[in-house]
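Enquirer: Structure below; questions to follow.
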Amino acid sequence: MSIPVYLLAIESSCDDTSAAVSCDDKILANVTANQEVHMKYGGVVPELASRAHQQNIVPVVAEALERANVNKSMINGVAFTRGPGLLGSLLVGTSFAKSFALALNLPLIEVNHMQAHVLAHFIKNSNDQTFPQFPFLCLTVSGGHTQIVRINDYLDMEVIGETMDDAAGEAFDKSAKVMGLPYPGGPLIDQFAQQGDALRFKFPHPDMPALNYSFSGLKTSFMNFINKNVLADADFIAKNKNDICASLQKTIIDVLFNKLFKAAELTGIKHIAIAGGVSANSGLRKKLEEQVAEKGWTVFIPPFQYCTDNAGMIAIAGYYKFLQNNFVQQDVTPLARYSI
Ligand code: KG4
Ligand code: ZN
């Protein structure tokens with residue numbers, strides 16, 4: 001029997017400070033400190049984010065080790081998010097990981113945040129779990145990215161379609177802001193949409209070439225729609241909140257699925273996964289589940305705690321790199337832009 005691999009993993013690419021402790025492909029603890037400081041600004045303020053990471057990182061790591069019941073001396077390696085993300089935020093996690101590894105003489109593993117979102121599917125949660133088979137497609141939808149990824153192996157992935165402007169999460173959050181909802185608005189739109197009529201209002205679908213997306217036009221037309229209606233009736237949003245949210249959410253989901261259907265057809269791949277913060281959306285999850293009967297797909301939906309940014313996904317990506325002795329040295333620097 002092989003010796004178990006214990007990793008400490010750090011995620012700090014945006015506004016969540018997260019630390020996880022893993023043993024092989026199992027996550028023993030996954031602790032995340034959210035930053036409420038951004039709520040009133042309607043979006044993440046980079047300078048405030050890096051300052052909050054500095055305050056959070058030590059207690060978050062200490063709590064993850066304690067909850068996992070793992071002593072520092074048992075750790076075999078340190079994985080961290082190298083990018084893509086906000087540079088100031090990434091610097092905090094990268095510096096912490098480097099110091100921890102240096103002090104304990106441990107190997108350092110750099111992780112691509114977008115690869116990690118996909119690899120969250122390989123976190124072992126139960127004994128009867130089925131994992132995606134290679135090759136599979138993953139729709140990775142977050143606040144910063146919207147990609148269709150073809151996964152050939154754990155660390156062999158290619159982006160076959162992506163957004164040319166805003167991400168799907170941004171479309172949720174910026175539309176929510178127009179409606180006066182706090183940041184991040186995605187989960188709130190999801191919540192209101194569940195009681196609304198998704199066919200009540202119509203919004204335009206972008207016409208993009210190949211497997212690419214665009215959400216900036218939807219954002220503008222949504223803003224114009226709200227402004228026009230509020231001008232006619234100041235209580236328009238309050239009176240129609242659920243229907244507005246349901247109609248907007250349906251539009252975003254339909255746009256996402258149109259290209260996903262096309263990708264599945266073009267590649268002939270029927271193993272389909274979703275990942276990233278927006279994959280927590282109940283409408284998106286439901287629509288994917290429906291495709292089992294409609295398209296004969298085998299679908300993979302990550303548990304909620306591994307959808308939004310978390311260090312558990314960094315740990316699983318780190319584990320597969322650890323098995324390949326894929327380590328970096330102390331001179332490694334974070335990358336704001338870092339393609340898969
Ligand atoms: O992956 P993530 O935590 O961070 C990034 O890497 O961006 O994704 C955050 C995004 C935000 O835009 C947030 O509004 C969205 O995921 N989100 C949701 C839901 N939960 C999180 N969007 C729609 N419905 C949800 N339930
Ligand atoms: Zn993310």
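Labeling convention for the structure tokens: chains A, B, ... as they appear, residues from 1 per chain, ligands from 1 in order of appearance.
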Please check which protein, DNA or RNA residues sit within 7 Å of ligand 1, counting only C-alpha atoms and all ligand atoms, and write them as a VMD selection string.
Expert: chain A and resid 14 142 to 145 169 to 170 172 to 173 184 to 187 189 to 190 276 to 282 307 to 309
Enquirer: Excluding region 292-295 of chain A and any residue of its chain fewer than 6 positions from it, enumerate the residues within 10 Å of it, using only C-alpha atoms, and give them as a compact mmCIF listing (two decimals) with N, CA, C and O atoms, in the first residue's frame.
Expert:
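Ended up saving to around_15.txt:
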# COMPACT_ATOMS: atom_id res chain seq x y z
N PHE A 261 -24.38 22.45 -26.07
CA PHE A 261 -24.97 21.45 -26.97
C PHE A 261 -24.12 21.32 -28.24
O PHE A 261 -23.84 20.22 -28.71
N ALA A 264 -20.85 19.50 -27.55
CA ALA A 264 -21.05 18.05 -27.40
C ALA A 264 -21.24 17.41 -28.78
O ALA A 264 -20.71 16.32 -29.06
N LYS A 270 -20.16 12.79 -24.66
CA LYS A 270 -21.44 12.85 -23.94
C LYS A 270 -21.26 12.85 -22.42
O LYS A 270 -22.24 12.73 -21.68
N HIS A 271 -20.01 12.93 -21.99
CA HIS A 271 -19.75 13.05 -20.55
C HIS A 271 -19.56 14.54 -20.28
O HIS A 271 -18.58 15.14 -20.75
N ILE A 272 -20.51 15.14 -19.59
CA ILE A 272 -20.52 16.59 -19.45
C ILE A 272 -20.54 17.00 -17.97
O ILE A 272 -21.37 16.48 -17.19
Enquirer: Ranking A:Leu108, A:Asn240, A:Met39, A:Asp153 by minimum distance to Pro135 (chain A) and counting only C-alpha atoms, which one comes first?
Expert: A:Asp153
Enquirer: Could you tell me how far CA of Ala168 (chain A) lies from CA of Ala120 (chain A), in Å and to one decimal?
Expert: 19.4 Å
Enquirer: Could you give me, as a tab-separated table, a per-residue list for region 229-326 of chain A showing, wherever an atom lies at most 12 Å from an atom of region 212-222 of chain A, the closest pair of atoms and their distance in Å to one decimal, using only C-alpha atoms and sorting by chain then residue number from low to high?
Expert:
residue	atom	partner	partner_atom	distance
A:Asn229	CA	A:Phe222	CA	10.7
A:Ile244	CA	A:Phe222	CA	9.7
A:Cys245	CA	A:Phe222	CA	10.8
A:Ser247	CA	A:Phe222	CA	10.6
A:Leu248	CA	A:Phe222	CA	8.2
A:Gln249	CA	A:Leu218	CA	11.3
A:Thr251	CA	A:Leu218	CA	8.9
A:Ile252	CA	A:Phe215	CA	8.3
A:Ile253	CA	A:Phe215	CA	11.5
A:Asp254	CA	A:Tyr213	CA	11.6
A:Val255	CA	A:Tyr213	CA	7.9
A:Leu256	CA	A:Tyr213	CA	7.8
A:Phe257	CA	A:Tyr213	CA	10.7
A:Asn258	CA	A:Tyr213	CA	9.9
A:Lys259	CA	A:Asn212	CA	7.4
A:Leu260	CA	A:Asn212	CA	10.0
A:Lys262	CA	A:Asn212	CA	10.6
A:Ala263	CA	A:Asn212	CA	10.2
Enquirer: Using only C-alpha atoms, which residues sit within 6 Å of region 18-31 of chain A once same-chain residues fewer than 5 positions away are excluded, as a compact mmCIF listing (two decimals) with C-alpha atoms, in the first residue's frame?
Expert:
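Contents of the output file part-v7.txt:
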# COMPACT_ATOMS: atom_id res chain seq x y z
CA PRO A 4 -0.83 8.65 2.09
CA VAL A 5 -0.09 12.13 0.79
CA TYR A 6 -1.13 15.02 3.05
CA LEU A 7 -1.29 18.47 1.44
CA LEU A 8 -2.00 21.96 2.68
CA ALA A 9 -3.72 23.99 -0.07
CA ILE A 10 -4.26 27.75 -0.27
CA GLU A 11 -6.71 29.68 -2.50
CA VAL A 61 -4.87 27.84 7.80
CA ALA A 64 -8.07 23.95 8.56
CA ARG A 67 -10.41 20.66 11.84
CA ALA A 68 -8.47 18.07 9.83
CA ILE A 123 -12.49 15.01 -4.93
CA LYS A 124 -13.56 11.77 -3.30
CA ASN A 310 -12.38 26.97 -2.28
CA ALA A 311 -9.03 25.46 -1.40
CA GLY A 312 -10.34 21.87 -1.63
CA ILE A 316 -7.01 17.91 -5.50
Enquirer: Please provide the set of residues having any atom within 12 Å of Glu36 (chain A), restricted to only C-alpha atoms, with same-chain residues fewer than 5 positions apart removed, written as a tab-separated table (two decimals) with all heavy atoms, in the first residue's frame.
Expert:
chain	number	residue	atom	x	y	z
A	15	ASP	N	-11.79	37.06	-3.81
A	15	ASP	CA	-12.19	37.63	-2.52
A	15	ASP	C	-12.48	36.58	-1.47
A	15	ASP	O	-13.06	36.89	-0.43
A	15	ASP	CB	-13.40	38.55	-2.71
A	15	ASP	CG	-14.59	37.82	-3.29
A	15	ASP	OD1	-14.39	36.76	-3.92
A	15	ASP	OD2	-15.73	38.28	-3.11
A	16	ASP	N	-12.09	35.34	-1.69
A	16	ASP	CA	-12.26	34.31	-0.66
A	16	ASP	C	-10.88	33.83	-0.22
A	16	ASP	O	-10.06	33.45	-1.07
A	16	ASP	CB	-13.03	33.09	-1.21
A	16	ASP	CG	-14.46	33.45	-1.56
A	16	ASP	OD1	-15.14	34.03	-0.72
A	16	ASP	OD2	-14.87	33.14	-2.70
A	17	THR	N	-10.65	33.84	1.10
A	17	THR	CA	-9.39	33.28	1.61
A	17	THR	C	-9.72	31.87	2.06
A	17	THR	O	-10.56	31.69	2.94
A	17	THR	CB	-8.88	34.07	2.84
A	17	THR	OG1	-9.09	35.46	2.61
A	17	THR	CG2	-7.42	33.78	3.10
A	41	TYR	N	-19.87	47.88	-2.16
A	41	TYR	CA	-19.28	48.49	-3.36
A	41	TYR	C	-19.82	47.89	-4.66
A	41	TYR	O	-19.48	48.34	-5.74
A	41	TYR	CB	-17.75	48.36	-3.34
A	41	TYR	CG	-17.12	49.08	-2.18
A	41	TYR	CD1	-16.70	48.38	-1.05
A	41	TYR	CD2	-16.96	50.46	-2.20
A	41	TYR	CE1	-16.13	49.04	0.03
A	41	TYR	CE2	-16.39	51.13	-1.12
A	41	TYR	CZ	-15.98	50.40	-0.02
A	41	TYR	OH	-15.44	51.07	1.05
A	42	GLY	N	-20.59	46.84	-4.56
A	42	GLY	CA	-21.19	46.22	-5.74
A	42	GLY	C	-20.19	45.43	-6.56
A	42	GLY	O	-20.44	45.10	-7.72
A	43	GLY	N	-19.04	45.11	-6.01
A	43	GLY	CA	-18.02	44.32	-6.71
A	43	GLY	C	-16.78	44.25	-5.85
A	43	GLY	O	-16.70	44.94	-4.84
A	44	VAL	N	-15.83	43.41	-6.25
A	44	VAL	CA	-14.62	43.23	-5.45
A	44	VAL	C	-13.68	44.42	-5.64
A	44	VAL	O	-13.35	44.79	-6.76
A	44	VAL	CB	-13.90	41.91	-5.85
A	44	VAL	CG1	-12.59	41.75	-5.08
A	44	VAL	CG2	-14.80	40.73	-5.60
A	45	VAL	N	-13.24	45.01	-4.53
A	45	VAL	CA	-12.26	46.10	-4.58
A	45	VAL	C	-10.88	45.46	-4.33
A	45	VAL	O	-10.61	44.99	-3.22
A	45	VAL	CB	-12.55	47.18	-3.50
A	45	VAL	CG1	-11.57	48.35	-3.61
A	45	VAL	CG2	-13.99	47.66	-3.60
A	48	LEU	N	-8.79	46.24	-1.14
A	48	LEU	CA	-9.42	45.76	0.10
A	48	LEU	C	-9.32	44.24	0.19
A	48	LEU	O	-9.16	43.68	1.27
A	48	LEU	CB	-10.89	46.19	0.16
A	48	LEU	CG	-11.17	47.69	0.22
A	48	LEU	CD1	-12.66	47.96	0.27
A	48	LEU	CD2	-10.49	48.31	1.46
A	49	ALA	N	-9.39	43.59	-0.98
A	49	ALA	CA	-9.32	42.11	-1.00
A	49	ALA	C	-7.96	41.65	-0.49
A	49	ALA	O	-7.88	40.75	0.36
A	49	ALA	CB	-9.57	41.59	-2.41
A	52	ALA	N	-7.67	42.09	3.24
A	52	ALA	CA	-8.47	41.11	3.99
A	52	ALA	C	-7.81	39.72	3.95
A	52	ALA	O	-7.82	39.00	4.94
A	52	ALA	CB	-9.88	41.05	3.42
A	53	HIS	N	-7.20	39.37	2.79
A	53	HIS	CA	-6.48	38.08	2.72
A	53	HIS	C	-5.37	38.04	3.77
A	53	HIS	O	-5.16	37.02	4.43
A	53	HIS	CB	-5.85	37.89	1.34
A	53	HIS	CG	-6.81	37.46	0.28
A	53	HIS	ND1	-7.63	36.35	0.39
A	53	HIS	CD2	-7.09	37.99	-0.94
A	53	HIS	CE1	-8.37	36.23	-0.70
A	53	HIS	NE2	-8.06	37.21	-1.51
A	182	PRO	N	-27.26	43.47	-3.37
A	182	PRO	CA	-25.85	43.52	-2.98
A	182	PRO	C	-24.98	42.50	-3.73
A	182	PRO	O	-25.51	41.55	-4.31
A	182	PRO	CB	-25.88	43.19	-1.48
A	182	PRO	CG	-27.13	42.41	-1.29
A	182	PRO	CD	-28.11	42.89	-2.32
A	183	TYR	N	-23.66	42.71	-3.67
A	183	TYR	CA	-22.71	41.80	-4.33
A	183	TYR	C	-22.38	40.63	-3.42
A	183	TYR	O	-22.21	40.84	-2.23
A	183	TYR	CB	-21.42	42.57	-4.66
A	183	TYR	CG	-20.35	41.69	-5.24
A	183	TYR	CD1	-20.32	41.45	-6.60
A	183	TYR	CD2	-19.41	41.08	-4.42
A	183	TYR	CE1	-19.35	40.61	-7.15
A	183	TYR	CE2	-18.45	40.25	-4.96
A	183	TYR	CZ	-18.42	40.02	-6.31
A	183	TYR	OH	-17.47	39.19	-6.84
A	184	PRO	N	-22.22	39.42	-3.89
A	184	PRO	CA	-22.50	38.98	-5.26
A	184	PRO	C	-23.98	38.67	-5.44
A	184	PRO	O	-24.57	37.95	-4.64
A	184	PRO	CB	-21.65	37.71	-5.38
A	184	PRO	CG	-21.58	37.15	-3.99
A	184	PRO	CD	-21.71	38.30	-3.05
Enquirer: Which is closest to ligand 2 among A:Met114, A:Leu90, A:Met157, A:Met208, if we use only C-alpha atoms and all ligand atoms?
Expert: A:Met114
Enquirer: If you run DSSP on the backbone here, which positions in region 105-304 of chain A get alpha helix (DSSP H)? Please write them as a PyMOL selection string.
Expert: chain A and resi 113-119+168-178+186-193+216-232+236-267+282-295
Enquirer: Rank A:Val70, A:Met313, A:Leu288, A:Leu137 by their smallest atom-to-atom distance to ligand 2, using only C-alpha atoms and all ligand atoms, and report the top residue only.
Expert: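 Among the listed residues, A:Met313 lies closest to ligand 2.
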Enquirer: Hey, which of A:Val111, A:Val58, A:Met74, A:Leu106 ends up closest to Val92 (chain A)? Count only C-alpha atoms.
Expert: A:Val58
Enquirer: My list of candidates is A:Lys40, A:Ile269, A:Gly180, A:Tyr320. Which is closest to Val149 (chain A) when distances are computed with only C-alpha atoms?
Expert: A:Ile269
Enquirer: Got a sec: who's within 12 Å of Asn325 (chain A), counting only C-alpha atoms, leaving out chain neighbours fewer than 5 positions off, as a JSON list (two decimals) with all heavy atoms, in the first residue's frame?
Expert:
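Dumped to selection-v5.json:
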[["chain", "number", "residue", "atom", "x", "y", "z"],
["A", 76, "ASN", "N", 2.94, 16.84, 3.58],
["A", 76, "ASN", "CA", 3.96, 16.43, 2.61],
["A", 76, "ASN", "C", 4.23, 17.46, 1.51],
["A", 76, "ASN", "O", 5.19, 17.34, 0.76],
["A", 76, "ASN", "CB", 3.55, 15.12, 1.92],
["A", 76, "ASN", "CG", 3.31, 14.01, 2.90],
["A", 76, "ASN", "OD1", 2.17, 13.59, 3.11],
["A", 76, "ASN", "ND2", 4.36, 13.55, 3.54],
["A", 77, "GLY", "N", 3.32, 18.45, 1.36],
["A", 77, "GLY", "CA", 3.52, 19.46, 0.32],
["A", 77, "GLY", "C", 2.53, 20.59, 0.46],
["A", 77, "GLY", "O", 1.51, 20.44, 1.14],
["A", 107, "PRO", "N", 7.90, 20.41, -0.54],
["A", 107, "PRO", "CA", 7.75, 20.80, -1.95],
["A", 107, "PRO", "C", 6.56, 21.73, -2.15],
["A", 107, "PRO", "O", 5.55, 21.63, -1.45],
["A", 107, "PRO", "CB", 7.54, 19.46, -2.67],
["A", 107, "PRO", "CG", 7.11, 18.50, -1.63],
["A", 107, "PRO", "CD", 7.65, 18.99, -0.31],
["A", 108, "LEU", "N", 6.71, 22.61, -3.14],
["A", 108, "LEU", "CA", 5.72, 23.64, -3.43],
["A", 108, "LEU", "C", 5.05, 23.29, -4.76],
["A", 108, "LEU", "O", 5.72, 22.99, -5.75],
["A", 108, "LEU", "CB", 6.50, 24.95, -3.55],
["A", 108, "LEU", "CG", 5.83, 26.29, -3.39],
["A", 108, "LEU", "CD1", 5.01, 26.40, -2.12],
["A", 108, "LEU", "CD2", 6.93, 27.38, -3.42],
["A", 109, "ILE", "N", 3.71, 23.37, -4.81],
["A", 109, "ILE", "CA", 2.98, 23.00, -6.02],
["A", 109, "ILE", "C", 2.13, 24.18, -6.47],
["A", 109, "ILE", "O", 1.27, 24.65, -5.70],
["A", 109, "ILE", "CB", 2.05, 21.78, -5.75],
["A", 109, "ILE", "CG1", 2.85, 20.65, -5.10],
["A", 109, "ILE", "CG2", 1.39, 21.30, -7.04],
["A", 109, "ILE", "CD1", 1.99, 19.72, -4.27],
["A", 110, "GLU", "N", 2.36, 24.67, -7.68],
["A", 110, "GLU", "CA", 1.54, 25.78, -8.19],
["A", 110, "GLU", "C", 0.33, 25.21, -8.92],
["A", 110, "GLU", "O", 0.43, 24.19, -9.60],
["A", 110, "GLU", "CB", 2.37, 26.72, -9.08],
["A", 110, "GLU", "CG", 2.98, 26.09, -10.34],
["A", 110, "GLU", "CD", 2.09, 26.21, -11.55],
["A", 110, "GLU", "OE1", 1.48, 27.26, -11.73],
["A", 110, "GLU", "OE2", 2.01, 25.23, -12.33],
["A", 318, "GLY", "N", -3.44, 19.90, -6.71],
["A", 318, "GLY", "CA", -2.09, 19.75, -6.16],
["A", 318, "GLY", "C", -1.71, 18.28, -6.01],
["A", 318, "GLY", "O", -0.57, 17.89, -6.28],
["A", 319, "TYR", "N", -2.69, 17.48, -5.63],
["A", 319, "TYR", "CA", -2.42, 16.05, -5.43],
["A", 319, "TYR", "C", -1.98, 15.37, -6.73],
["A", 319, "TYR", "O", -0.99, 14.63, -6.76],
["A", 319, "TYR", "CB", -3.69, 15.37, -4.87],
["A", 319, "TYR", "CG", -3.60, 13.87, -4.78],
["A", 319, "TYR", "CD1", -2.66, 13.26, -3.96],
["A", 319, "TYR", "CD2", -4.46, 13.06, -5.52],
["A", 319, "TYR", "CE1", -2.58, 11.87, -3.87],
["A", 319, "TYR", "CE2", -4.39, 11.68, -5.44],
["A", 319, "TYR", "CZ", -3.45, 11.09, -4.62],
["A", 319, "TYR", "OH", -3.36, 9.73, -4.55],
["A", 320, "TYR", "N", -2.70, 15.68, -7.84],
["A", 320, "TYR", "CA", -2.31, 15.04, -9.11],
["A", 320, "TYR", "C", -0.97, 15.55, -9.61],
["A", 320, "TYR", "O", -0.21, 14.81, -10.25],
["A", 320, "TYR", "CB", -3.42, 15.22, -10.16],
["A", 320, "TYR", "CG", -4.56, 14.27, -9.87],
["A", 320, "TYR", "CD1", -5.74, 14.70, -9.30],
["A", 320, "TYR", "CD2", -4.39, 12.90, -10.08],
["A", 320, "TYR", "CE1", -6.75, 13.82, -8.96],
["A", 320, "TYR", "CE2", -5.39, 12.00, -9.75],
["A", 320, "TYR", "CZ", -6.57, 12.47, -9.19],
["A", 320, "TYR", "OH", -7.55, 11.58, -8.85]]
